[in-house]
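Peer 1: File entry.cif below, mmCIF, C-alpha atoms:
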data_structure
loop_
_atom_site.label_atom_id
_atom_site.label_comp_id
_atom_site.auth_asym_id
_atom_site.auth_seq_id
_atom_site.Cartn_x
_atom_site.Cartn_y
_atom_site.Cartn_z
CA MET A 1 0.00 0.00 0.00
CA THR A 2 1.42 3.40 -1.01
CA HIS A 3 1.51 6.40 1.36
CA LEU A 4 0.84 4.13 4.33
CA PRO A 5 1.96 6.54 7.11
CA TYR A 6 -0.41 9.24 5.84
CA ILE A 7 -3.31 6.80 5.60
CA VAL A 8 -2.68 5.35 9.07
CA ALA A 9 -2.42 8.86 10.53
CA SER A 10 -5.72 9.90 8.89
CA TYR A 11 -7.67 6.86 10.09
CA GLY A 12 -6.01 7.09 13.50
CA LEU A 13 -7.13 10.72 13.84
CA ALA A 14 -10.67 9.75 12.83
CA VAL A 15 -10.79 7.06 15.52
CA LEU A 16 -9.32 9.51 18.03
CA VAL A 17 -11.84 12.30 17.31
CA LEU A 18 -14.89 10.02 17.13
CA GLY A 19 -13.75 8.04 20.18
CA TRP A 20 -12.95 11.13 22.21
CA PHE A 21 -16.36 12.73 21.67
CA SER A 22 -18.28 9.45 22.02
CA ILE A 23 -16.61 8.39 25.27
CA GLY A 24 -16.75 11.96 26.58
CA ALA A 25 -20.50 12.18 25.93
CA TRP A 26 -21.11 8.73 27.43
CA VAL A 27 -19.18 9.55 30.62
CA ARG A 28 -20.90 12.93 30.91
CA VAL A 29 -24.39 11.45 30.51
CA GLY A 30 -23.62 8.74 33.10
CA ALA A 31 -22.30 11.24 35.63
CA ALA A 32 -25.26 13.61 35.14
CA ARG A 33 -27.75 10.75 35.41
CA ARG A 34 -26.22 9.49 38.67
CA ARG A 35 -26.08 13.00 40.14
CA LEU A 36 -29.67 13.73 39.13
CA ALA A 37 -30.87 10.41 40.54
CA ALA A 38 -29.13 11.21 43.82
CA ILE A 39 -30.88 14.55 44.29
CA ASP A 40 -34.15 13.96 42.41
CA PRO A 41 -34.92 10.23 42.11
CA ARG A 42 -38.39 10.82 40.62
CA ARG A 43 -36.91 12.59 37.59
CA GLU A 44 -34.58 9.69 36.86
CA ARG A 45 -37.52 7.47 35.85
CA GLY A 46 -38.01 9.48 32.67
CA GLY A 47 -34.36 10.37 32.29
CA GLY A 48 -33.39 6.87 31.12
CA MET B 49 -45.07 31.83 29.86
CA SER B 50 -42.33 30.09 31.78
CA ASN B 51 -40.81 26.92 30.45
CA ALA B 52 -39.67 23.93 32.46
CA ILE B 53 -35.97 24.67 32.15
CA GLY B 54 -36.53 27.92 33.98
CA GLU B 55 -36.20 30.77 31.50
CA ALA B 56 -38.86 33.16 30.33
CA ALA B 57 -40.17 32.27 26.89
CA PRO B 58 -42.00 34.62 24.53
CA SER B 59 -45.54 33.98 23.43
CA GLY B 60 -45.83 32.10 20.15
CA GLY B 61 -43.77 29.17 19.01
CA THR B 62 -45.78 26.99 21.42
CA SER B 63 -45.25 23.83 19.41
CA LEU B 64 -41.49 24.39 19.62
CA HIS B 65 -41.65 24.89 23.38
CA ARG B 66 -43.41 21.57 23.89
CA PHE B 67 -39.95 20.06 23.45
CA ALA B 68 -38.36 22.47 25.93
CA ASN B 69 -39.69 20.32 28.74
CA PRO B 70 -36.59 18.50 30.00
CA GLY B 71 -38.47 15.36 31.00
CA ARG B 72 -40.09 15.12 27.56
CA PHE B 73 -36.79 15.77 25.80
CA LEU B 74 -34.97 13.19 27.91
CA ARG B 75 -37.64 10.58 27.23
CA LEU B 76 -37.70 11.29 23.48
CA SER B 77 -33.92 11.44 23.12
CA GLY B 78 -33.59 8.24 25.18
CA ILE B 79 -35.71 6.48 22.55
CA VAL B 80 -33.95 8.08 19.58
CA LEU B 81 -30.35 7.69 20.79
CA PRO B 82 -29.96 3.90 20.25
CA TRP B 83 -31.37 4.37 16.72
CA LEU B 84 -28.55 6.85 16.09
CA ILE B 85 -25.74 4.92 17.81
CA VAL B 86 -26.27 1.55 16.07
CA PRO B 87 -26.23 2.89 12.48
CA ALA B 88 -23.40 5.26 13.43
CA VAL B 89 -21.17 2.37 14.51
CA VAL B 90 -22.20 -0.03 11.73
CA LEU B 91 -21.99 2.49 8.88
CA THR B 92 -18.81 4.23 10.08
CA VAL B 93 -16.91 0.99 10.68
CA GLY B 94 -18.33 -0.50 7.47
CA GLY B 95 -17.63 2.57 5.33
CA LEU B 96 -14.10 3.14 6.63
CA GLY B 97 -13.25 -0.59 6.45
CA TRP B 98 -14.62 -0.77 2.90
CA GLY B 99 -12.63 2.31 1.90
CA LEU B 100 -9.44 1.15 3.58
CA PHE B 101 -9.34 -2.52 2.53
CA PHE B 102 -11.67 -3.15 -0.41
CA ALA B 103 -12.07 0.03 -2.48
CA PRO B 104 -9.62 0.29 -5.39
CA ALA B 105 -6.59 2.57 -5.37
CA ASP B 106 -6.70 5.58 -7.66
CA TRP B 107 -4.62 5.40 -10.85
CA GLN B 108 -3.06 8.80 -10.10
CA GLN B 109 -3.17 9.12 -6.31
CA GLY B 110 -2.48 5.50 -5.46
CA ASP B 111 -3.65 4.46 -1.99
CA ALA B 112 -3.61 8.06 -0.71
CA VAL B 113 -7.13 8.28 -2.14
CA ARG B 114 -8.26 6.22 0.90
CA ILE B 115 -7.80 9.34 3.04
CA MET B 116 -10.86 10.67 1.18
CA TYR B 117 -13.10 8.26 3.14
CA VAL B 118 -12.27 10.19 6.31
CA HIS B 119 -11.66 13.65 4.84
CA VAL B 120 -14.85 14.11 2.80
CA PRO B 121 -17.30 12.95 5.53
CA SER B 122 -15.59 15.15 8.11
CA ALA B 123 -15.74 18.10 5.66
CA TRP B 124 -19.45 17.42 5.11
CA LEU B 125 -20.06 17.36 8.87
CA ALA B 126 -17.94 20.48 9.42
CA SER B 127 -20.25 22.49 7.16
CA SER B 128 -23.58 20.81 7.96
CA GLY B 129 -22.73 20.91 11.68
CA TYR B 130 -22.25 24.65 11.39
CA PHE B 131 -25.59 24.90 9.60
CA GLY B 132 -27.11 23.07 12.60
CA LEU B 133 -25.37 25.49 14.94
CA ALA B 134 -26.77 28.45 12.99
CA LEU B 135 -30.26 26.92 13.02
CA ALA B 136 -30.10 26.42 16.78
CA SER B 137 -28.88 30.01 17.10
CA LEU B 138 -31.83 31.25 15.04
CA PHE B 139 -34.25 29.37 17.32
CA SER B 140 -32.40 30.77 20.31
CA LEU B 141 -32.56 34.39 19.13
CA VAL B 142 -36.07 34.45 17.64
CA TRP B 143 -38.02 32.04 19.86
CA ARG B 144 -35.77 32.09 22.95
CA HIS B 145 -35.92 28.30 22.87
CA PRO B 146 -33.84 27.08 25.85
CA LEU B 147 -33.01 23.73 24.25
CA ALA B 148 -31.72 25.63 21.21
CA ASP B 149 -29.31 27.51 23.50
CA LEU B 150 -27.98 24.24 24.85
CA ALA B 151 -27.91 22.64 21.38
CA ALA B 152 -25.77 25.50 20.05
CA VAL B 153 -23.38 25.16 22.99
CA GLU B 154 -23.10 21.39 22.49
CA ILE B 155 -22.78 21.43 18.68
CA GLY B 156 -19.85 23.90 18.79
CA PRO B 157 -17.07 21.64 20.16
CA VAL B 158 -18.20 18.63 18.08
CA GLY B 159 -18.28 20.72 14.91
CA ALA B 160 -14.85 22.15 15.74
CA GLY B 161 -13.52 18.59 16.21
CA PHE B 162 -14.83 17.46 12.81
CA THR B 163 -13.49 20.63 11.15
CA ALA B 164 -10.06 20.04 12.70
CA LEU B 165 -10.22 16.42 11.48
CA CYS B 166 -11.11 17.66 7.98
CA LEU B 167 -8.15 20.08 7.95
CA ALA B 168 -5.72 17.53 9.40
CA THR B 169 -6.66 14.75 6.96
CA GLY B 170 -6.60 17.26 4.08
CA SER B 171 -3.10 18.18 5.14
CA LEU B 172 -2.11 14.49 5.34
CA TRP B 173 -3.40 14.04 1.80
CA GLY B 174 -1.83 17.29 0.55
CA LYS B 175 1.72 16.47 1.59
CA PRO B 176 2.17 13.39 -0.66
CA MET B 177 -0.09 14.74 -3.47
CA TRP B 178 0.79 18.45 -3.61
CA GLY B 179 4.14 18.32 -1.85
CA ALA B 180 2.92 20.71 0.86
CA TRP B 181 1.12 20.32 4.17
CA TRP B 182 -0.77 23.56 3.60
CA VAL B 183 -1.46 26.08 0.84
CA TRP B 184 -3.47 29.30 1.16
CA ASP B 185 -6.02 27.99 -1.28
CA ALA B 186 -9.56 29.45 -1.15
CA ARG B 187 -11.13 26.13 -0.04
CA LEU B 188 -8.56 25.46 2.67
CA THR B 189 -8.62 29.03 3.93
CA SER B 190 -12.43 29.19 4.10
CA VAL B 191 -12.51 25.92 6.09
CA LEU B 192 -9.85 27.34 8.41
CA VAL B 193 -12.13 30.37 8.89
CA LEU B 194 -14.93 27.90 9.72
CA LEU B 195 -12.73 26.38 12.46
CA PHE B 196 -12.11 29.86 13.87
CA LEU B 197 -15.86 30.56 13.81
CA TYR B 198 -16.48 27.37 15.80
CA LEU B 199 -13.69 28.25 18.27
CA GLY B 200 -14.99 31.83 18.56
CA HIS B 201 -18.47 30.51 19.32
CA ILE B 202 -17.12 28.08 21.96
CA VAL B 203 -15.27 30.92 23.71
CA LEU B 204 -18.02 33.53 23.34
CA VAL B 205 -20.88 31.48 24.86
CA ARG B 206 -18.70 30.87 27.93
CA ALA B 207 -17.33 34.43 28.20
CA PHE B 208 -20.16 36.01 30.19
CA ASP B 209 -21.18 35.65 33.83
CA ASP B 210 -24.79 35.66 32.65
CA PRO B 211 -25.15 32.57 30.40
CA VAL B 212 -28.10 34.10 28.51
CA ARG B 213 -25.89 36.97 27.31
CA GLY B 214 -23.35 34.38 26.18
CA TYR B 215 -26.02 32.47 24.24
CA ARG B 216 -27.20 35.66 22.51
CA ALA B 217 -23.69 36.79 21.59
CA GLY B 218 -22.82 33.31 20.36
CA SER B 219 -26.02 33.17 18.30
CA ILE B 220 -25.20 36.44 16.55
CA LEU B 221 -21.69 35.21 15.74
CA ALA B 222 -23.05 31.88 14.46
CA LEU B 223 -25.61 33.61 12.21
CA VAL B 224 -23.08 36.08 10.81
CA GLY B 225 -20.71 33.16 10.15
CA VAL B 226 -23.26 31.41 7.93
CA ILE B 227 -21.97 33.59 5.09
CA ASN B 228 -18.88 31.37 5.12
CA LEU B 229 -20.82 28.22 4.14
CA PRO B 230 -21.54 29.18 0.49
CA ILE B 231 -18.00 30.54 0.29
CA ILE B 232 -16.68 27.09 1.28
CA LYS B 233 -19.04 25.32 -1.12
CA PHE B 234 -18.39 27.51 -4.16
CA SER B 235 -14.75 28.48 -3.45
CA VAL B 236 -13.56 25.86 -5.93
CA ASP B 237 -15.81 27.37 -8.64
CA TRP B 238 -15.32 31.07 -7.87
CA TRP B 239 -11.53 30.99 -7.62
CA ASN B 240 -8.75 29.14 -9.36
CA THR B 241 -7.92 26.73 -6.55
CA LEU B 242 -5.51 23.85 -6.07
CA HIS B 243 -8.31 21.93 -4.36
CA GLN B 244 -10.25 19.84 -6.85
CA PRO B 245 -13.88 20.77 -7.66
CA ALA B 246 -16.82 18.81 -6.25
CA SER B 247 -17.00 15.20 -7.46
CA ILE B 248 -20.53 14.64 -6.18
CA GLY B 249 -23.47 16.82 -7.19
CA LEU B 250 -27.23 16.67 -6.98
CA THR B 251 -27.44 15.30 -10.50
CA GLY B 252 -24.69 12.69 -10.29
CA SER B 253 -21.07 11.94 -9.59
CA SER B 254 -17.87 11.79 -11.59
CA MET B 255 -16.50 9.11 -9.24
CA ALA B 256 -16.31 5.40 -9.98
CA PRO B 257 -19.08 3.51 -8.14
CA GLU B 258 -16.46 1.32 -6.39
CA MET B 259 -15.21 4.48 -4.68
CA LEU B 260 -18.49 6.36 -4.43
CA TRP B 261 -20.38 3.73 -2.41
CA PRO B 262 -17.90 3.38 0.47
CA LEU B 263 -17.68 7.17 0.57
CA LEU B 264 -21.48 7.51 0.86
CA VAL B 265 -21.63 4.80 3.55
CA SER B 266 -18.83 6.48 5.50
CA ALA B 267 -20.49 9.91 5.16
CA LEU B 268 -23.80 8.49 6.41
CA GLY B 269 -22.01 6.84 9.33
CA PHE B 270 -20.26 10.09 10.27
CA THR B 271 -23.62 11.90 10.07
CA PHE B 272 -25.26 9.43 12.45
CA ALA B 273 -22.21 9.63 14.74
CA PHE B 274 -22.38 13.43 14.81
CA ALA B 275 -26.11 13.33 15.57
CA ALA B 276 -25.63 10.70 18.30
CA ILE B 277 -22.80 12.62 19.97
CA VAL B 278 -24.71 15.92 19.92
CA THR B 279 -27.90 14.24 21.22
CA ALA B 280 -25.97 12.56 24.07
CA ARG B 281 -24.22 15.82 24.96
CA LEU B 282 -27.54 17.63 24.88
CA ARG B 283 -29.07 15.02 27.22
CA ALA B 284 -26.16 15.57 29.62
CA ALA B 285 -26.54 19.36 29.38
CA VAL B 286 -30.28 19.20 30.13
CA MET B 287 -29.65 16.99 33.18
CA GLU B 288 -26.80 19.25 34.36
CA ARG B 289 -29.06 22.29 34.09
CA ARG B 290 -31.74 20.47 36.03
CA ILE B 291 -29.17 19.54 38.72
CA ARG B 292 -28.08 23.19 39.02
CA GLY B 293 -31.70 24.27 39.33
CA LEU B 294 -32.45 21.72 42.04
CA LEU B 295 -29.30 22.60 44.00
CA MET B 296 -30.15 26.32 43.81
CA ALA B 297 -33.72 25.61 44.92
CA LYS B 298 -32.43 23.58 47.86
CA ALA B 299 -29.94 26.31 48.79
CA GLY B 300 -32.71 28.94 48.60
CA ALA B 301 -35.03 26.88 50.80
CA ARG B 302 -32.51 26.79 53.66
#
Using structure tokens, write down the structure that the file contains.

Peer 2:
Amino acid sequence: MTHLPYIVASYGLAVLVLGWFSIGAWVRVGAARRRLAAIDPRRERGGG
Amino acid sequence: MSNAIGEAAPSGGTSLHRFANPGRFLRLSGIVLPWLIVPAVVLTVGGLGWGLFFAPADWQQGDAVRIMYVHVPSAWLASSGYFGLALASLFSLVWRHPLADLAAVEIGPVGAGFTALCLATGSLWGKPMWGAWWVWDARLTSVLVLLFLYLGHIVLVRAFDDPVRGYRAGSILALVGVINLPIIKFSVDWWNTLHQPASIGLTGSSMAPEMLWPLLVSALGFTFAFAAIVTARLRAAVMERRIRGLLMAKAGAR
């Protein structure tokens, strides 16, 4: 495969950006859900 | 009229404000989110894997053409994400929709990330093909301006003690910045650029189907991923706002 370092770097960056935002959002939702459940358990039922 | 998130809302736009109820939004987005995540993962992995391992190399570019399967979808999301940001800003300014405020805040960093990815992969393609990491070409420069607009919006909405003033200032910047979108789109037609003209139009494509299909699958996957990330961030933002409201109410009751 020609230009392999450039291709690997491009796909690596894509995984990094998508992974960073996905994991960040997942962690943030989990933390907010736990915090909300702790102070307002009734809301959590609909918060899923 | 006072909405459930706690800001005054103008009369009119009632149907829009139905979705400003945090409980309703959380329920609805909780249903929608898995339907965004599953196609995002399947289509992105499928499209990128197809492009990387099975699509043919280009007769001129060789395997460097495979960078296109990351670069073009991220470019598409950079522009369409900004359009979403501008739309949220319009809803924020005109209808004072509180979810639109939060949507604009949450779209900004994701859009900036995809724009940075577009510029970085373009640069990684440019070095072996053009012999330069960067040229001050109209297309490249207008996308760089788009990145600065995103970064400006991210900073501006957080620059005020009163968040509402930040939302309004950010909305104005986002709406003014919309002028950059047609400049990006038509830069390759209006100016003599090093960047190649569009290969895909409304009426057809000049690309070989063996390259076009993985590109379309990858672009669709990136679109679902962008939507899923923004929806998840928006869910978190709504819950965080609710938490702040409850804590303030508890502090006030003491």

Peer 1: Enumerate as a JSON list (two decimals) with C-alpha atoms, keeping the file's coordinate frame the residues belonging to chain B that approach chain A to within 8 Å, with all atoms listed in the file taken into account.

Peer 2:
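The new file part.json reads:
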[["chain", "number", "residue", "atom", "x", "y", "z"],
["B", 71, "GLY", "CA", -38.47, 15.36, 31.00],
["B", 72, "ARG", "CA", -40.09, 15.12, 27.56],
["B", 74, "LEU", "CA", -34.97, 13.19, 27.91],
["B", 75, "ARG", "CA", -37.64, 10.58, 27.23],
["B", 78, "GLY", "CA", -33.59, 8.24, 25.18],
["B", 110, "GLY", "CA", -2.48, 5.50, -5.46],
["B", 111, "ASP", "CA", -3.65, 4.46, -1.99],
["B", 112, "ALA", "CA", -3.61, 8.06, -0.71],
["B", 114, "ARG", "CA", -8.26, 6.22, 0.90],
["B", 115, "ILE", "CA", -7.80, 9.34, 3.04],
["B", 118, "VAL", "CA", -12.27, 10.19, 6.31],
["B", 158, "VAL", "CA", -18.20, 18.63, 18.08],
["B", 161, "GLY", "CA", -13.52, 18.59, 16.21],
["B", 162, "PHE", "CA", -14.83, 17.46, 12.81],
["B", 165, "LEU", "CA", -10.22, 16.42, 11.48],
["B", 168, "ALA", "CA", -5.72, 17.53, 9.40],
["B", 169, "THR", "CA", -6.66, 14.75, 6.96],
["B", 172, "LEU", "CA", -2.11, 14.49, 5.34],
["B", 173, "TRP", "CA", -3.40, 14.04, 1.80],
["B", 176, "PRO", "CA", 2.17, 13.39, -0.66],
["B", 273, "ALA", "CA", -22.21, 9.63, 14.74],
["B", 277, "ILE", "CA", -22.80, 12.62, 19.97],
["B", 280, "ALA", "CA", -25.97, 12.56, 24.07],
["B", 281, "ARG", "CA", -24.22, 15.82, 24.96],
["B", 283, "ARG", "CA", -29.07, 15.02, 27.22],
["B", 284, "ALA", "CA", -26.16, 15.57, 29.62],
["B", 287, "MET", "CA", -29.65, 16.99, 33.18],
["B", 288, "GLU", "CA", -26.80, 19.25, 34.36],
["B", 290, "ARG", "CA", -31.74, 20.47, 36.03],
["B", 291, "ILE", "CA", -29.17, 19.54, 38.72],
["B", 294, "LEU", "CA", -32.45, 21.72, 42.04]]

Peer 1: Between atom CA of Pro230 of chain B and atom CA of Val212 of chain B, what distance in Å does the model show, to one decimal?

Peer 2: 29.2 Å

Peer 1: Once the PyMOL selection byres ((chain B and resi 204-207) around 12) is applied to the coordinates I shared, what remains selected? I want it as a PyMOL selection string.

Peer 2: chain B and resi 137+149-157+196-203+208-222

Peer 1: Mind writing the picked residues with C-alpha atoms as a PDB file, in the frame of the given file?

Peer 2:
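So selection_38.pdb came out as:
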ATOM      1  CA  SER B 137     -28.880  30.010  17.100  1.00  0.00           C
ATOM      2  CA  ASP B 149     -29.310  27.510  23.500  1.00  0.00           C
ATOM      3  CA  LEU B 150     -27.980  24.240  24.850  1.00  0.00           C
ATOM      4  CA  ALA B 151     -27.910  22.640  21.380  1.00  0.00           C
ATOM      5  CA  ALA B 152     -25.770  25.500  20.050  1.00  0.00           C
ATOM      6  CA  VAL B 153     -23.380  25.160  22.990  1.00  0.00           C
ATOM      7  CA  GLU B 154     -23.100  21.390  22.490  1.00  0.00           C
ATOM      8  CA  ILE B 155     -22.780  21.430  18.680  1.00  0.00           C
ATOM      9  CA  GLY B 156     -19.850  23.900  18.790  1.00  0.00           C
ATOM     10  CA  PRO B 157     -17.070  21.640  20.160  1.00  0.00           C
ATOM     11  CA  PHE B 196     -12.110  29.860  13.870  1.00  0.00           C
ATOM     12  CA  LEU B 197     -15.860  30.560  13.810  1.00  0.00           C
ATOM     13  CA  TYR B 198     -16.480  27.370  15.800  1.00  0.00           C
ATOM     14  CA  LEU B 199     -13.690  28.250  18.270  1.00  0.00           C
ATOM     15  CA  GLY B 200     -14.990  31.830  18.560  1.00  0.00           C
ATOM     16  CA  HIS B 201     -18.470  30.510  19.320  1.00  0.00           C
ATOM     17  CA  ILE B 202     -17.120  28.080  21.960  1.00  0.00           C
ATOM     18  CA  VAL B 203     -15.270  30.920  23.710  1.00  0.00           C
ATOM     19  CA  PHE B 208     -20.160  36.010  30.190  1.00  0.00           C
ATOM     20  CA  ASP B 209     -21.180  35.650  33.830  1.00  0.00           C
ATOM     21  CA  ASP B 210     -24.790  35.660  32.650  1.00  0.00           C
ATOM     22  CA  PRO B 211     -25.150  32.570  30.400  1.00  0.00           C
ATOM     23  CA  VAL B 212     -28.100  34.100  28.510  1.00  0.00           C
ATOM     24  CA  ARG B 213     -25.890  36.970  27.310  1.00  0.00           C
ATOM     25  CA  GLY B 214     -23.350  34.380  26.180  1.00  0.00           C
ATOM     26  CA  TYR B 215     -26.020  32.470  24.240  1.00  0.00           C
ATOM     27  CA  ARG B 216     -27.200  35.660  22.510  1.00  0.00           C
ATOM     28  CA  ALA B 217     -23.690  36.790  21.590  1.00  0.00           C
ATOM     29  CA  GLY B 218     -22.820  33.310  20.360  1.00  0.00           C
ATOM     30  CA  SER B 219     -26.020  33.170  18.300  1.00  0.00           C
ATOM     31  CA  ILE B 220     -25.200  36.440  16.550  1.00  0.00           C
ATOM     32  CA  LEU B 221     -21.690  35.210  15.740  1.00  0.00           C
ATOM     33  CA  ALA B 222     -23.050  31.880  14.460  1.00  0.00           C
TER      34      ALA B 222
END

Peer 1: List as a PyMOL selection string the protein and nucleic acid residues near His119 of chain B, meaning an atom at most 6 Å away when only C-alpha atoms are counted, but skip any in the same chain fewer than 2 places from it.

Peer 2: chain B and resi 116-117+121-122+166+169

Peer 1: Which one is closest to Ile85 of chain B: B:Val224, B:Ala297, B:Ala276, B:Ala134? Count only C-alpha atoms.

Peer 2: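 With only C-alpha atoms as the atom set, the closest residue is B:Ala276.
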
Peer 1: Give me, as a PyMOL selection string, all polymer residues having an atom no more than 12 Å from Pro104 of chain B, counting only C-alpha atoms and skipping those fewer than 4 positions away in the same chain.

Peer 2: (chain A and resi 1) or (chain B and resi 98-100+108-114+255-262)

Peer 1: Would you compute the distance between atom CA of Leu264 of chain B and atom CA of Ile231 of chain B? Give it in Å to one decimal.

Peer 2: 23.3 Å

Peer 1: Could you state the separation of atom CA of Ser235 of chain B and atom CA of Val278 of chain B in Å, given to one decimal place?

Peer 2: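 That distance, rounded to one decimal, is 28.3 Å.
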
Peer 1: Around all the atoms of segment 106-112 of chain B listed in the file, draw an axis-aligned box and extend it by 8 Å on each of the six sides; I want its centre and edge lengths in Å to one decimal, as JSON.

Peer 2:
{"center_x": -4.6, "center_y": 6.8, "center_z": -5.8, "size_x": 20.2, "size_y": 20.7, "size_z": 26.1}

Peer 1: List the neighbours of Ser128 of chain B out to 12 Å using all atoms listed in the file; skip same-chain residues closer than 3 positions along the sequence, and give me the result as an MDAnalysis selection string.

Peer 2: chainID B and resid 121:125 131:135 155:156 158:160 162:163 194 226 228:230 232:233 267 270:271 274:275

Peer 1: Counting only C-alpha atoms, figure out which residue out of B:Leu141, B:Gly174, B:Thr279, B:Gly249 gets nearest to Ile79 of chain B.

Peer 2: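 Looking at the shortest contact to Ile79 of chain B, the residue is B:Thr279.
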